[in-house]
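The structure appears below as structure tokens.
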Amino acid sequence: MEILISTAIGFLVACGIYLMLRARTMDVVIGLTLLSYAVNLFLFASGRLVSNSAALISPDAAAYADPLPQALVLTAIVIGFGMTSFLVVLAIRAFGDLGNDHVDGEASKK
Amino acid sequence: MSHWLIMPVLLPMVAAILMLLTARLGRTVERSISLLSMLGLVAISVALLNTTLGGDYQVYAVGNWVAPFGIVLVLDRLSALMVLLTSVLALFSLLYACNGQDRDGRHFHVLFHMQLMGLNGAFLTGDLFNLFVFFEILLIASYGLLLHGGGPLRSRAGLHYVILNLAGSALFLVAIGALYGMLGTLNMADLAVKVAQAEPEQLRLIHISALLLMVVFGLKAALLPLYFWLPSAYSSASPAVAALFAIMTKVGIYSIIRMFMLVFGIEAGVLSHLAQPWLLPLGLVTLALGAFGVLASSCLRRQVAYLVVVSVGTLMAGVGLLTVESLAASLYYLLHSTLITGGMFLLADVIARQRGDVGSQLRLGPTVTQPLLLSTLFFIGALAVVGLPPLSGFIGKLLLLQAAVHEPSMAWFWAVILIASFFALIALSRTGSALFLKTDDQAVTGVRVESVSLIAVVALLLTSPLLAFYGGAVSSFTTDAAEQLMQPMNYIEGVLGSQQLPVVATTEVAP
């Protein structure tokens with residue numbers, strides 16, 4: 001499971017960085033979204049990967065899952081979602097103001 | 001436990017909500033709430049600063065959950081100083097915006113107070129994840145403020161700023177996740193204890209996350225490879241916002257000082273002082289490039305934005321020296337540079353508006369309407385920024401240079417700081433002559449500066465002579481703050497209580 005999770009995170013980060021380095025704002029937005037998915041998975045995994053364990057104190061629990069990373073991930077998801085929606089609005093605004101969707105606001109030279 | 005400690009966070013939040021609710025009642029109500037809450041904030045931060053004079057740590061456990069489990073706010077001399085600095089700067093920026101620029105877009109005052117809430121929270125919190133949350137609060141408010149007034153320039157600068165900071169937040173979360181995974185805590189004091197006891201095989205990951213944190217804070221502080229966003233963002237922001245943003249880079253510097261003096265500080269064993277070998281050279285190069293930027297700017301606003309980069313470089317180099325004297329000098333310089341660059345952003349706007357279409361571009365333009373007043377203010381500001389006697393910039397730089405005397409890096413430190421000051425002097429003399437001497441006497445725009453704006457500009461620029469006049473008192477306070485930073489054990493004991501401390505081998509020998 002560790003290998004699966006780490007491969008998934010690595011793949012998401014690679015795709016995210018590739019898209020972030022592109023010159024169009026929507027690509028960058030999607031890249032940032034992928035990067036934040038990867039980060040959320042990473043945060044989630046920082047509490048160790050265990051299945052079927054008690055999150056709270058129970059008398060017959062052999063092992064505990066760490067509930068804190070889930071709280072952290074929840075916060076991170078909410079903040080990331082808000083930020084992404086703001087960025088989408090800003091990208092549309094910039095498209096309207098600048099007349100194209102290049103991140104530097106200049107039409108690409110062909 | 002005094003509840004006053006959470007007021008710097010609560011008051012702006014409540015004021016912001018009140019202003020949202022009363023938004024239909026018009027601008028007078030909004031401005032009154034805003035200014036009253038600002039005055040209250042200044043009073044509270046003075047009172048809080050006063051309580052730290054004795055050197056105690058005040059800890060506020062939010063929701064009464066004790067330290068390593070709940071989130072704590074911690075007040076020490078450094079955080080009290082930063083909160084006071086923020087509220088003073090914000091008071092005058094807000095006053096300036098009341099000349100009508102607060103109506104250029106919607107909800108200026110609400111966003112402004114949300115930003116203050118984030119700033120104060122970031123300075124007060126004793127928890128790493130909470131620091132992230134407050135960073136996001138101040139960032140999302142700053143996105144709104146940066147775009148305040150609209151226009152293509154702001155959209156473009158805003159886009160870069162938002163994208164960079166989102167990428168920075170992702171790195172921040174990775175660092176937090178790795179630290180939590182290794183050490184199982186995010187309370188800063190508890191982290192400091194756990195870092196010192198880390199297993200050898202954990203060290204590498206902790207090291208990586210510490211340096212990731214430095215990248216994140218370096219991005220906020222605009223340290224060398226990460227400062228390119230700053231000049232266009234700050235020079236396109238509306239003036240009151242740019243003035244408030246003078247404190248934003250200082251949040252990054254504060255976080256670097258906090259993390260690398262406390263968590264990776266003297267007691268951290270193998271991992272102690274991770275960042276310091278990077279800070280001095282990076283700070284000096286940032287300083288040098290900032291000075292070139294000041295020389296090369298063809299617009300006063302951009303020049304002031306580069307002066308912010310210069311101040312960041314100077315501060316980082318000072319922090320990198322890692323002595324009580326250099327930290328104390330850096331904190332003094334931080335006070336001075338924040339207030340003066342804030343004042344210069346406001347002054348640049350006054351000058352730009354009186355020059356009509358030419359604005360703050362350094363080319364032939366109309367004579368300003370009030371040449372004597374504005375040139376005197378510019379002269380005071382320039383003297384203070386460059387660091388010529390008798391103003392506070394001189395004292396700050398003198399303290400920094402003195403602190404470096406016995407260091408091996410003294411030659412570099414002295415050379416870069418002095419040459420950069422010389423460059424700034426040349427650039428600002430040229431700017432002054434371009435703005436006030438080489439003008440077109442026929443064209444006069446007739447725009448006069450509003451009295452609220454004038455009060456704000458004069459007040460911010462007057463802090464420089466005041467900081468110089470009360471230099472003894474201020475620098476003895478910053479020395480106390482630096483000494484407090486050098487003893488992370490007291491912070492840990494203040495937050496966690498003495499029973500949680502790792503057993504330190506006592507060297508007392510029975511007679």
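Ligands are numbered from 1 in the order shown, chains are lettered A, B, ... in the order of the structure tokens, and residues start at 1 in each chain.
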
Residues of chain A within 10 Å of chain B, counting only C-alpha atoms - could you list those as a PDB file with N, CA and C atoms, in the first residue's frame?
```pdb
ATOM      1  N   ILE A  17       3.344  19.653 -11.631  1.00  0.00           N
ATOM      2  CA  ILE A  17       4.457  20.559 -11.940  1.00  0.00           C
ATOM      3  C   ILE A  17       4.549  20.813 -13.439  1.00  0.00           C
ATOM      4  N   MET A  20       1.913  23.257 -14.269  1.00  0.00           N
ATOM      5  CA  MET A  20       2.175  24.586 -13.713  1.00  0.00           C
ATOM      6  C   MET A  20       3.209  25.345 -14.528  1.00  0.00           C
ATOM      7  N   THR A  25      -3.212  30.091 -18.318  1.00  0.00           N
ATOM      8  CA  THR A  25      -3.660  30.148 -16.933  1.00  0.00           C
ATOM      9  C   THR A  25      -4.466  28.913 -16.524  1.00  0.00           C
ATOM     10  N   VAL A  28      -2.279  26.108 -15.604  1.00  0.00           N
ATOM     11  CA  VAL A  28      -1.647  26.343 -14.300  1.00  0.00           C
ATOM     12  C   VAL A  28      -2.627  26.059 -13.174  1.00  0.00           C
ATOM     13  N   VAL A  29      -3.896  26.458 -13.372  1.00  0.00           N
ATOM     14  CA  VAL A  29      -4.901  26.198 -12.334  1.00  0.00           C
ATOM     15  C   VAL A  29      -5.055  24.702 -12.115  1.00  0.00           C
ATOM     16  N   GLY A  31      -2.909  22.397 -12.841  1.00  0.00           N
ATOM     17  CA  GLY A  31      -1.659  21.919 -12.249  1.00  0.00           C
ATOM     18  C   GLY A  31      -1.635  22.137 -10.753  1.00  0.00           C
ATOM     19  N   LEU A  32      -2.043  23.326 -10.325  1.00  0.00           N
ATOM     20  CA  LEU A  32      -2.066  23.613  -8.882  1.00  0.00           C
ATOM     21  C   LEU A  32      -3.055  22.708  -8.176  1.00  0.00           C
ATOM     22  N   THR A  33      -4.196  22.418  -8.832  1.00  0.00           N
ATOM     23  CA  THR A  33      -5.180  21.528  -8.225  1.00  0.00           C
ATOM     24  C   THR A  33      -4.595  20.133  -8.027  1.00  0.00           C
ATOM     25  N   LEU A  35      -1.467  19.388  -7.770  1.00  0.00           N
ATOM     26  CA  LEU A  35      -0.447  19.473  -6.735  1.00  0.00           C
ATOM     27  C   LEU A  35      -1.103  19.460  -5.351  1.00  0.00           C
ATOM     28  N   SER A  36      -2.242  20.154  -5.224  1.00  0.00           N
ATOM     29  CA  SER A  36      -2.863  20.175  -3.897  1.00  0.00           C
ATOM     30  C   SER A  36      -3.481  18.821  -3.568  1.00  0.00           C
ATOM     31  N   TYR A  37      -3.959  18.071  -4.586  1.00  0.00           N
ATOM     32  CA  TYR A  37      -4.411  16.695  -4.316  1.00  0.00           C
ATOM     33  C   TYR A  37      -3.255  15.862  -3.775  1.00  0.00           C
ATOM     34  N   ALA A  38      -2.100  16.002  -4.433  1.00  0.00           N
ATOM     35  CA  ALA A  38      -0.933  15.229  -4.006  1.00  0.00           C
ATOM     36  C   ALA A  38      -0.563  15.581  -2.575  1.00  0.00           C
ATOM     37  N   VAL A  39      -0.586  16.893  -2.284  1.00  0.00           N
ATOM     38  CA  VAL A  39      -0.225  17.329  -0.936  1.00  0.00           C
ATOM     39  C   VAL A  39      -1.215  16.782   0.083  1.00  0.00           C
ATOM     40  N   ASN A  40      -2.508  16.772  -0.271  1.00  0.00           N
ATOM     41  CA  ASN A  40      -3.501  16.257   0.662  1.00  0.00           C
ATOM     42  C   ASN A  40      -3.287  14.769   0.937  1.00  0.00           C
ATOM     43  N   LEU A  41      -2.979  14.027  -0.114  1.00  0.00           N
ATOM     44  CA  LEU A  41      -2.696  12.590   0.084  1.00  0.00           C
ATOM     45  C   LEU A  41      -1.477  12.410   0.981  1.00  0.00           C
ATOM     46  N   PHE A  42      -0.471  13.265   0.752  1.00  0.00           N
ATOM     47  CA  PHE A  42       0.759  13.172   1.538  1.00  0.00           C
ATOM     48  C   PHE A  42       0.479  13.452   3.008  1.00  0.00           C
ATOM     49  N   LEU A  43      -0.308  14.510   3.261  1.00  0.00           N
ATOM     50  CA  LEU A  43      -0.671  14.840   4.641  1.00  0.00           C
ATOM     51  C   LEU A  43      -1.423  13.686   5.280  1.00  0.00           C
ATOM     52  N   PHE A  44      -2.328  13.100   4.493  1.00  0.00           N
ATOM     53  CA  PHE A  44      -3.136  11.997   4.992  1.00  0.00           C
ATOM     54  C   PHE A  44      -2.238  10.818   5.375  1.00  0.00           C
ATOM     55  N   ALA A  45      -1.226  10.586   4.539  1.00  0.00           N
ATOM     56  CA  ALA A  45      -0.347   9.455   4.781  1.00  0.00           C
ATOM     57  C   ALA A  45       0.628   9.714   5.923  1.00  0.00           C
ATOM     58  N   SER A  46       0.755  10.986   6.342  1.00  0.00           N
ATOM     59  CA  SER A  46       1.730  11.262   7.395  1.00  0.00           C
ATOM     60  C   SER A  46       1.303  10.667   8.732  1.00  0.00           C
ATOM     61  N   GLY A  47       0.034  10.248   8.851  1.00  0.00           N
ATOM     62  CA  GLY A  47      -0.399   9.581  10.066  1.00  0.00           C
ATOM     63  C   GLY A  47      -0.212   8.074   9.995  1.00  0.00           C
ATOM     64  N   ARG A  48       0.548   7.597   9.050  1.00  0.00           N
ATOM     65  CA  ARG A  48       0.817   6.176   8.785  1.00  0.00           C
ATOM     66  C   ARG A  48      -0.423   5.500   8.189  1.00  0.00           C
ATOM     67  N   ASP A  66      -4.259   7.404  13.499  1.00  0.00           N
ATOM     68  CA  ASP A  66      -4.023   8.767  13.962  1.00  0.00           C
ATOM     69  C   ASP A  66      -5.088   9.686  13.355  1.00  0.00           C
ATOM     70  N   LEU A  68      -5.481  12.918  13.736  1.00  0.00           N
ATOM     71  CA  LEU A  68      -5.096  14.313  13.518  1.00  0.00           C
ATOM     72  C   LEU A  68      -4.854  14.647  12.051  1.00  0.00           C
ATOM     73  N   PRO A  69      -4.106  13.778  11.286  1.00  0.00           N
ATOM     74  CA  PRO A  69      -3.878  14.132   9.886  1.00  0.00           C
ATOM     75  C   PRO A  69      -5.167  14.307   9.116  1.00  0.00           C
ATOM     76  N   LEU A  72      -6.171  17.752   9.696  1.00  0.00           N
ATOM     77  CA  LEU A  72      -5.307  18.638   8.923  1.00  0.00           C
ATOM     78  C   LEU A  72      -5.706  18.622   7.456  1.00  0.00           C
ATOM     79  N   VAL A  73      -5.951  17.425   6.921  1.00  0.00           N
ATOM     80  CA  VAL A  73      -6.308  17.309   5.509  1.00  0.00           C
ATOM     81  C   VAL A  73      -7.610  18.045   5.233  1.00  0.00           C
ATOM     82  N   THR A  75      -8.831  20.632   6.797  1.00  0.00           N
ATOM     83  CA  THR A  75      -8.541  22.064   6.731  1.00  0.00           C
ATOM     84  C   THR A  75      -7.862  22.419   5.418  1.00  0.00           C
ATOM     85  N   ALA A  76      -6.882  21.595   5.047  1.00  0.00           N
ATOM     86  CA  ALA A  76      -6.123  21.890   3.831  1.00  0.00           C
ATOM     87  C   ALA A  76      -7.016  21.833   2.597  1.00  0.00           C
ATOM     88  N   ILE A  79      -9.240  25.026   2.551  1.00  0.00           N
ATOM     89  CA  ILE A  79      -8.467  26.200   2.149  1.00  0.00           C
ATOM     90  C   ILE A  79      -8.073  26.103   0.678  1.00  0.00           C
ATOM     91  N   GLY A  80      -7.609  24.914   0.269  1.00  0.00           N
ATOM     92  CA  GLY A  80      -7.172  24.746  -1.110  1.00  0.00           C
ATOM     93  C   GLY A  80      -8.317  24.956  -2.085  1.00  0.00           C
ATOM     94  N   GLY A  82     -11.020  26.827  -1.598  1.00  0.00           N
ATOM     95  CA  GLY A  82     -11.323  28.259  -1.656  1.00  0.00           C
ATOM     96  C   GLY A  82     -10.321  28.998  -2.520  1.00  0.00           C
ATOM     97  N   MET A  83      -9.049  28.680  -2.322  1.00  0.00           N
ATOM     98  CA  MET A  83      -7.995  29.370  -3.070  1.00  0.00           C
ATOM     99  C   MET A  83      -8.118  29.077  -4.562  1.00  0.00           C
ATOM    100  N   THR A  84      -8.420  27.788  -4.893  1.00  0.00           N
ATOM    101  CA  THR A  84      -8.523  27.431  -6.299  1.00  0.00           C
ATOM    102  C   THR A  84      -9.681  28.162  -6.962  1.00  0.00           C
ATOM    103  N   PHE A  86     -10.897  30.982  -6.092  1.00  0.00           N
ATOM    104  CA  PHE A  86     -10.487  32.376  -6.267  1.00  0.00           C
ATOM    105  C   PHE A  86      -9.596  32.521  -7.500  1.00  0.00           C
ATOM    106  N   LEU A  87      -8.677  31.557  -7.647  1.00  0.00           N
ATOM    107  CA  LEU A  87      -7.734  31.628  -8.772  1.00  0.00           C
ATOM    108  C   LEU A  87      -8.465  31.509 -10.109  1.00  0.00           C
ATOM    109  N   VAL A  88      -9.504  30.646 -10.138  1.00  0.00           N
ATOM    110  CA  VAL A  88     -10.277  30.510 -11.379  1.00  0.00           C
ATOM    111  C   VAL A  88     -10.926  31.843 -11.738  1.00  0.00           C
ATOM    112  N   LEU A  90      -9.996  34.782 -10.778  1.00  0.00           N
ATOM    113  CA  LEU A  90      -8.946  35.740 -11.141  1.00  0.00           C
ATOM    114  C   LEU A  90      -8.453  35.491 -12.559  1.00  0.00           C
ATOM    115  N   ALA A  91      -8.347  34.194 -12.936  1.00  0.00           N
ATOM    116  CA  ALA A  91      -7.879  33.882 -14.284  1.00  0.00           C
ATOM    117  C   ALA A  91      -8.870  34.387 -15.329  1.00  0.00           C
ATOM    118  N   ILE A  92     -10.165  34.232 -15.026  1.00  0.00           N
ATOM    119  CA  ILE A  92     -11.178  34.732 -15.969  1.00  0.00           C
ATOM    120  C   ILE A  92     -11.120  36.254 -16.051  1.00  0.00           C
ATOM    121  N   ARG A  93     -10.940  36.885 -14.876  1.00  0.00           N
ATOM    122  CA  ARG A  93     -10.834  38.339 -14.820  1.00  0.00           C
ATOM    123  C   ARG A  93      -9.628  38.812 -15.647  1.00  0.00           C
ATOM    124  N   ALA A  94      -8.489  38.104 -15.478  1.00  0.00           N
ATOM    125  CA  ALA A  94      -7.287  38.494 -16.205  1.00  0.00           C
ATOM    126  C   ALA A  94      -7.498  38.308 -17.694  1.00  0.00           C
ATOM    127  N   PHE A  95      -8.235  37.245 -18.056  1.00  0.00           N
ATOM    128  CA  PHE A  95      -8.537  37.020 -19.478  1.00  0.00           C
ATOM    129  C   PHE A  95      -9.344  38.188 -20.027  1.00  0.00           C
ATOM    130  N   GLY A  96     -10.315  38.658 -19.217  1.00  0.00           N
ATOM    131  CA  GLY A  96     -11.099  39.797 -19.663  1.00  0.00           C
ATOM    132  C   GLY A  96     -10.278  41.069 -19.749  1.00  0.00           C
ATOM    133  N   ASP A  97      -9.418  41.306 -18.733  1.00  0.00           N
ATOM    134  CA  ASP A  97      -8.639  42.546 -18.685  1.00  0.00           C
ATOM    135  C   ASP A  97      -7.541  42.586 -19.736  1.00  0.00           C
ATOM    136  N   LEU A  98      -6.893  41.424 -19.942  1.00  0.00           N
ATOM    137  CA  LEU A  98      -5.685  41.430 -20.764  1.00  0.00           C
ATOM    138  C   LEU A  98      -5.945  40.923 -22.168  1.00  0.00           C
ATOM    139  N   GLY A  99      -7.102  40.295 -22.379  1.00  0.00           N
ATOM    140  CA  GLY A  99      -7.456  39.881 -23.722  1.00  0.00           C
ATOM    141  C   GLY A  99      -6.896  38.551 -24.153  1.00  0.00           C
ATOM    142  N   HIS A 102      -2.615  34.081 -21.489  1.00  0.00           N
ATOM    143  CA  HIS A 102      -1.211  33.836 -21.186  1.00  0.00           C
ATOM    144  C   HIS A 102      -0.935  34.310 -19.758  1.00  0.00           C
ATOM    145  N   VAL A 103      -0.062  33.594 -19.013  1.00  0.00           N
ATOM    146  CA  VAL A 103       0.145  33.989 -17.617  1.00  0.00           C
ATOM    147  C   VAL A 103       0.808  35.360 -17.510  1.00  0.00           C
ATOM    148  N   ASP A 104       1.571  35.762 -18.540  1.00  0.00           N
ATOM    149  CA  ASP A 104       2.179  37.084 -18.502  1.00  0.00           C
ATOM    150  C   ASP A 104       1.302  38.132 -19.159  1.00  0.00           C
ATOM    151  N   GLY A 105       0.131  37.706 -19.640  1.00  0.00           N
ATOM    152  CA  GLY A 105      -0.782  38.650 -20.237  1.00  0.00           C
ATOM    153  C   GLY A 105      -0.362  39.119 -21.611  1.00  0.00           C
ATOM    154  N   GLU A 106       0.552  38.390 -22.264  1.00  0.00           N
ATOM    155  CA  GLU A 106       0.964  38.784 -23.614  1.00  0.00           C
ATOM    156  C   GLU A 106       0.562  37.680 -24.569  1.00  0.00           C
TER     157      GLU A 106
END
```

Problem set entry | Polymer residues at most 6 Å from Ala317 (chain B), only C-alpha atoms, same-chain spacing of 4 or more positions, as a list in words |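 With the cut-off at 6 Å, the set is Leu280, Gly283 and Leu284 of chain B.
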
How would the residues just picked look written out with all heavy atoms as a JSON list (two decimals), in the first residue's frame?
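File produced: again_38.json:
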```json
[["chain", "number", "residue", "atom", "x", "y", "z"],
["B", 280, "LEU", "N", 22.93, 34.28, 5.57],
["B", 280, "LEU", "CA", 23.86, 35.39, 5.39],
["B", 280, "LEU", "C", 24.20, 35.62, 3.92],
["B", 280, "LEU", "O", 23.99, 36.72, 3.41],
["B", 280, "LEU", "CB", 25.12, 35.15, 6.24],
["B", 280, "LEU", "CG", 26.15, 36.26, 6.18],
["B", 280, "LEU", "CD1", 25.58, 37.54, 6.73],
["B", 280, "LEU", "CD2", 27.39, 35.88, 6.96],
["B", 283, "GLY", "N", 21.04, 36.62, 1.98],
["B", 283, "GLY", "CA", 20.63, 37.97, 2.36],
["B", 283, "GLY", "C", 21.49, 39.00, 1.66],
["B", 283, "GLY", "O", 20.98, 39.98, 1.11],
["B", 284, "LEU", "N", 22.81, 38.77, 1.65],
["B", 284, "LEU", "CA", 23.70, 39.77, 1.04],
["B", 284, "LEU", "C", 23.46, 39.87, -0.46],
["B", 284, "LEU", "O", 23.46, 40.97, -1.01],
["B", 284, "LEU", "CB", 25.16, 39.42, 1.33],
["B", 284, "LEU", "CG", 25.59, 39.64, 2.78],
["B", 284, "LEU", "CD1", 27.05, 39.27, 2.98],
["B", 284, "LEU", "CD2", 25.36, 41.08, 3.21]]
```

Exercise. Which neighbours of region 77-81 of chain B fall inside 6 Å, counting only C-alpha atoms, when residues of the same chain fewer than 2 positions from it are skipped, and could you give them as number ranges by chain?
Worked result: B: 49, 52, 75, 83-84, 123-124, 481

Selected residues written out, all heavy atoms, as an mmCIF file, in the first residue's frame:
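The resulting file, result.cif, is shown below:
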```cif
data_model
loop_
_atom_site.group_PDB
_atom_site.id
_atom_site.type_symbol
_atom_site.label_atom_id
_atom_site.label_comp_id
_atom_site.auth_asym_id
_atom_site.auth_seq_id
_atom_site.Cartn_x
_atom_site.Cartn_y
_atom_site.Cartn_z
ATOM 1 N N LEU B 49 2.480 44.762 24.727
ATOM 2 C CA LEU B 49 3.928 44.967 24.732
ATOM 3 C C LEU B 49 4.395 45.284 26.145
ATOM 4 O O LEU B 49 5.441 44.809 26.599
ATOM 5 C CB LEU B 49 4.287 46.106 23.787
ATOM 6 C CG LEU B 49 5.782 46.340 23.608
ATOM 7 C CD1 LEU B 49 6.321 45.359 22.597
ATOM 8 C CD2 LEU B 49 6.068 47.748 23.155
ATOM 9 N N THR B 52 5.080 42.388 28.349
ATOM 10 C CA THR B 52 6.219 41.512 28.067
ATOM 11 C C THR B 52 7.527 42.100 28.572
ATOM 12 O O THR B 52 8.569 41.470 28.450
ATOM 13 C CB THR B 52 6.372 41.264 26.564
ATOM 14 O OG1 THR B 52 6.649 42.530 25.944
ATOM 15 C CG2 THR B 52 5.147 40.663 25.967
ATOM 16 N N LEU B 75 2.812 34.827 23.624
ATOM 17 C CA LEU B 75 3.271 36.210 23.503
ATOM 18 C C LEU B 75 4.646 36.325 24.135
ATOM 19 O O LEU B 75 4.810 36.067 25.326
ATOM 20 C CB LEU B 75 2.300 37.146 24.211
ATOM 21 C CG LEU B 75 2.627 38.619 24.074
ATOM 22 C CD1 LEU B 75 2.154 39.133 22.737
ATOM 23 C CD2 LEU B 75 1.988 39.423 25.175
ATOM 24 N N VAL B 83 3.319 42.670 16.606
ATOM 25 C CA VAL B 83 1.902 43.036 16.616
ATOM 26 C C VAL B 83 1.756 44.549 16.710
ATOM 27 O O VAL B 83 0.953 45.163 15.994
ATOM 28 C CB VAL B 83 1.175 42.330 17.781
ATOM 29 C CG1 VAL B 83 -0.215 42.894 17.965
ATOM 30 C CG2 VAL B 83 1.081 40.848 17.520
ATOM 31 N N LEU B 84 2.572 45.174 17.552
ATOM 32 C CA LEU B 84 2.494 46.629 17.685
ATOM 33 C C LEU B 84 2.886 47.303 16.370
ATOM 34 O O LEU B 84 2.213 48.231 15.903
ATOM 35 C CB LEU B 84 3.413 47.110 18.818
ATOM 36 C CG LEU B 84 3.428 48.619 19.014
ATOM 37 C CD1 LEU B 84 2.050 49.114 19.414
ATOM 38 C CD2 LEU B 84 4.447 49.042 20.044
ATOM 39 N N PHE B 123 1.694 36.177 13.992
ATOM 40 C CA PHE B 123 2.726 36.597 14.939
ATOM 41 C C PHE B 123 2.544 35.970 16.310
ATOM 42 O O PHE B 123 3.491 35.831 17.070
ATOM 43 C CB PHE B 123 2.731 38.124 15.091
ATOM 44 C CG PHE B 123 3.216 38.840 13.869
ATOM 45 C CD1 PHE B 123 2.580 39.963 13.397
ATOM 46 C CD2 PHE B 123 4.329 38.370 13.189
ATOM 47 C CE1 PHE B 123 3.025 40.614 12.258
ATOM 48 C CE2 PHE B 123 4.781 39.009 12.055
ATOM 49 C CZ PHE B 123 4.128 40.133 11.584
ATOM 50 N N LEU B 124 1.291 35.616 16.651
ATOM 51 C CA LEU B 124 1.031 35.168 18.015
ATOM 52 C C LEU B 124 1.014 33.655 18.160
ATOM 53 O O LEU B 124 1.219 33.142 19.253
ATOM 54 C CB LEU B 124 -0.313 35.729 18.500
ATOM 55 C CG LEU B 124 -0.307 37.222 18.835
ATOM 56 C CD1 LEU B 124 -1.705 37.707 19.136
ATOM 57 C CD2 LEU B 124 0.603 37.495 20.022
ATOM 58 N N ALA B 481 14.647 41.417 23.521
ATOM 59 C CA ALA B 481 13.920 40.457 22.684
ATOM 60 C C ALA B 481 14.883 39.444 22.087
ATOM 61 O O ALA B 481 14.591 38.242 22.033
ATOM 62 C CB ALA B 481 13.163 41.191 21.592
#
```

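CA of His273 (chain B) sits 10.8 Å away from CA of His207 (chain B).
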
For this session: Do a neighbour search on region 108-111 of chain B at 12 Å with only C-alpha atoms, toss out local chain neighbours closer than 6 positions, and write the hits as a PyMOL selection string.
Result: chain B and resi 12-23+27-38+90-91+93-95+97-98+100-102+117-118+137-149+238+240-241+244

Exercise. How far is it from CA of Arg430 (chain B) to CA of Leu362 (chain B), in Å with one decimal?
Worked result: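 Going from CA of Arg430 (chain B) over to CA of Leu362 (chain B), I get 8.9 Å.
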
Exercise. Restricting the calculation to only C-alpha atoms, which member of B:Gly55, B:Leu39, B:Ile455, B:Gln370 is positioned closest to Val88 (chain B)?
Worked result: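 Comparing B:Gly55, B:Leu39, B:Ile455, B:Gln370 against Val88 (chain B), the winner is B:Leu39.
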
Problem set entry | Contacts of Ala329 (chain B) at 8 Å (only C-alpha atoms; same-chain gap of 3+ positions) as a list of chain:residue names |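 Final neighbour list, sorted by chain and number: B:Gly318, B:Glu325, B:Ser326, B:Tyr332, B:Tyr333, B:Gly396, B:Lys397, B:Leu399, B:Leu400, B:Ala403, B:Ser475, B:Thr478, B:Thr479.
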
Mind dumping the selected residues with N, CA, C and O atoms as an mmCIF file, in the first residue's frame?
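That gives us again.cif:
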```
data_model
loop_
_atom_site.group_PDB
_atom_site.id
_atom_site.type_symbol
_atom_site.label_atom_id
_atom_site.label_comp_id
_atom_site.auth_asym_id
_atom_site.auth_seq_id
_atom_site.Cartn_x
_atom_site.Cartn_y
_atom_site.Cartn_z
ATOM 1 N N GLY B 318 21.512 40.153 8.649
ATOM 2 C CA GLY B 318 21.667 40.412 10.077
ATOM 3 C C GLY B 318 21.269 39.204 10.905
ATOM 4 O O GLY B 318 21.969 38.808 11.839
ATOM 5 N N GLU B 325 23.688 40.634 19.422
ATOM 6 C CA GLU B 325 23.797 42.010 18.915
ATOM 7 C C GLU B 325 23.187 42.120 17.521
ATOM 8 O O GLU B 325 22.454 43.065 17.221
ATOM 9 N N SER B 326 23.491 41.123 16.645
ATOM 10 C CA SER B 326 23.010 41.245 15.272
ATOM 11 C C SER B 326 21.499 41.076 15.222
ATOM 12 O O SER B 326 20.815 41.766 14.465
ATOM 13 N N TYR B 332 15.681 46.199 15.325
ATOM 14 C CA TYR B 332 15.573 47.660 15.260
ATOM 15 C C TYR B 332 15.404 48.092 13.809
ATOM 16 O O TYR B 332 14.550 48.915 13.475
ATOM 17 N N TYR B 333 16.214 47.497 12.927
ATOM 18 C CA TYR B 333 16.160 47.864 11.517
ATOM 19 C C TYR B 333 14.818 47.462 10.903
ATOM 20 O O TYR B 333 14.302 48.140 10.014
ATOM 21 N N GLY B 396 20.145 52.102 12.690
ATOM 22 C CA GLY B 396 19.942 50.679 12.417
ATOM 23 C C GLY B 396 21.140 50.066 11.714
ATOM 24 O O GLY B 396 21.642 49.004 12.093
ATOM 25 N N LYS B 397 21.621 50.755 10.676
ATOM 26 C CA LYS B 397 22.755 50.193 9.938
ATOM 27 C C LYS B 397 24.016 50.195 10.780
ATOM 28 O O LYS B 397 24.822 49.261 10.716
ATOM 29 N N LEU B 399 24.193 49.853 14.014
ATOM 30 C CA LEU B 399 24.096 48.722 14.942
ATOM 31 C C LEU B 399 24.434 47.419 14.232
ATOM 32 O O LEU B 399 25.150 46.565 14.775
ATOM 33 N N LEU B 400 23.928 47.276 12.996
ATOM 34 C CA LEU B 400 24.201 46.047 12.239
ATOM 35 C C LEU B 400 25.684 45.925 11.947
ATOM 36 O O LEU B 400 26.277 44.850 12.100
ATOM 37 N N ALA B 403 27.558 44.992 14.960
ATOM 38 C CA ALA B 403 27.352 43.599 15.357
ATOM 39 C C ALA B 403 28.232 42.667 14.548
ATOM 40 O O ALA B 403 28.525 41.549 14.970
ATOM 41 N N SER B 475 16.369 50.247 21.273
ATOM 42 C CA SER B 475 17.381 49.209 21.038
ATOM 43 C C SER B 475 17.598 48.375 22.296
ATOM 44 O O SER B 475 17.945 47.199 22.200
ATOM 45 N N THR B 478 14.908 45.810 21.926
ATOM 46 C CA THR B 478 15.194 44.779 20.921
ATOM 47 C C THR B 478 16.319 43.865 21.408
ATOM 48 O O THR B 478 16.324 42.676 21.078
ATOM 49 N N THR B 479 17.259 44.418 22.210
ATOM 50 C CA THR B 479 18.295 43.547 22.766
ATOM 51 C C THR B 479 17.678 42.518 23.709
ATOM 52 O O THR B 479 18.035 41.329 23.666
#
```

Exercise. What separation in Å, quoted to one decimal, exists between CA of Pro59 (chain A) and CA of Phe69 (chain B)?
Worked result: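 Between these atoms lies a distance of 21.5 Å.
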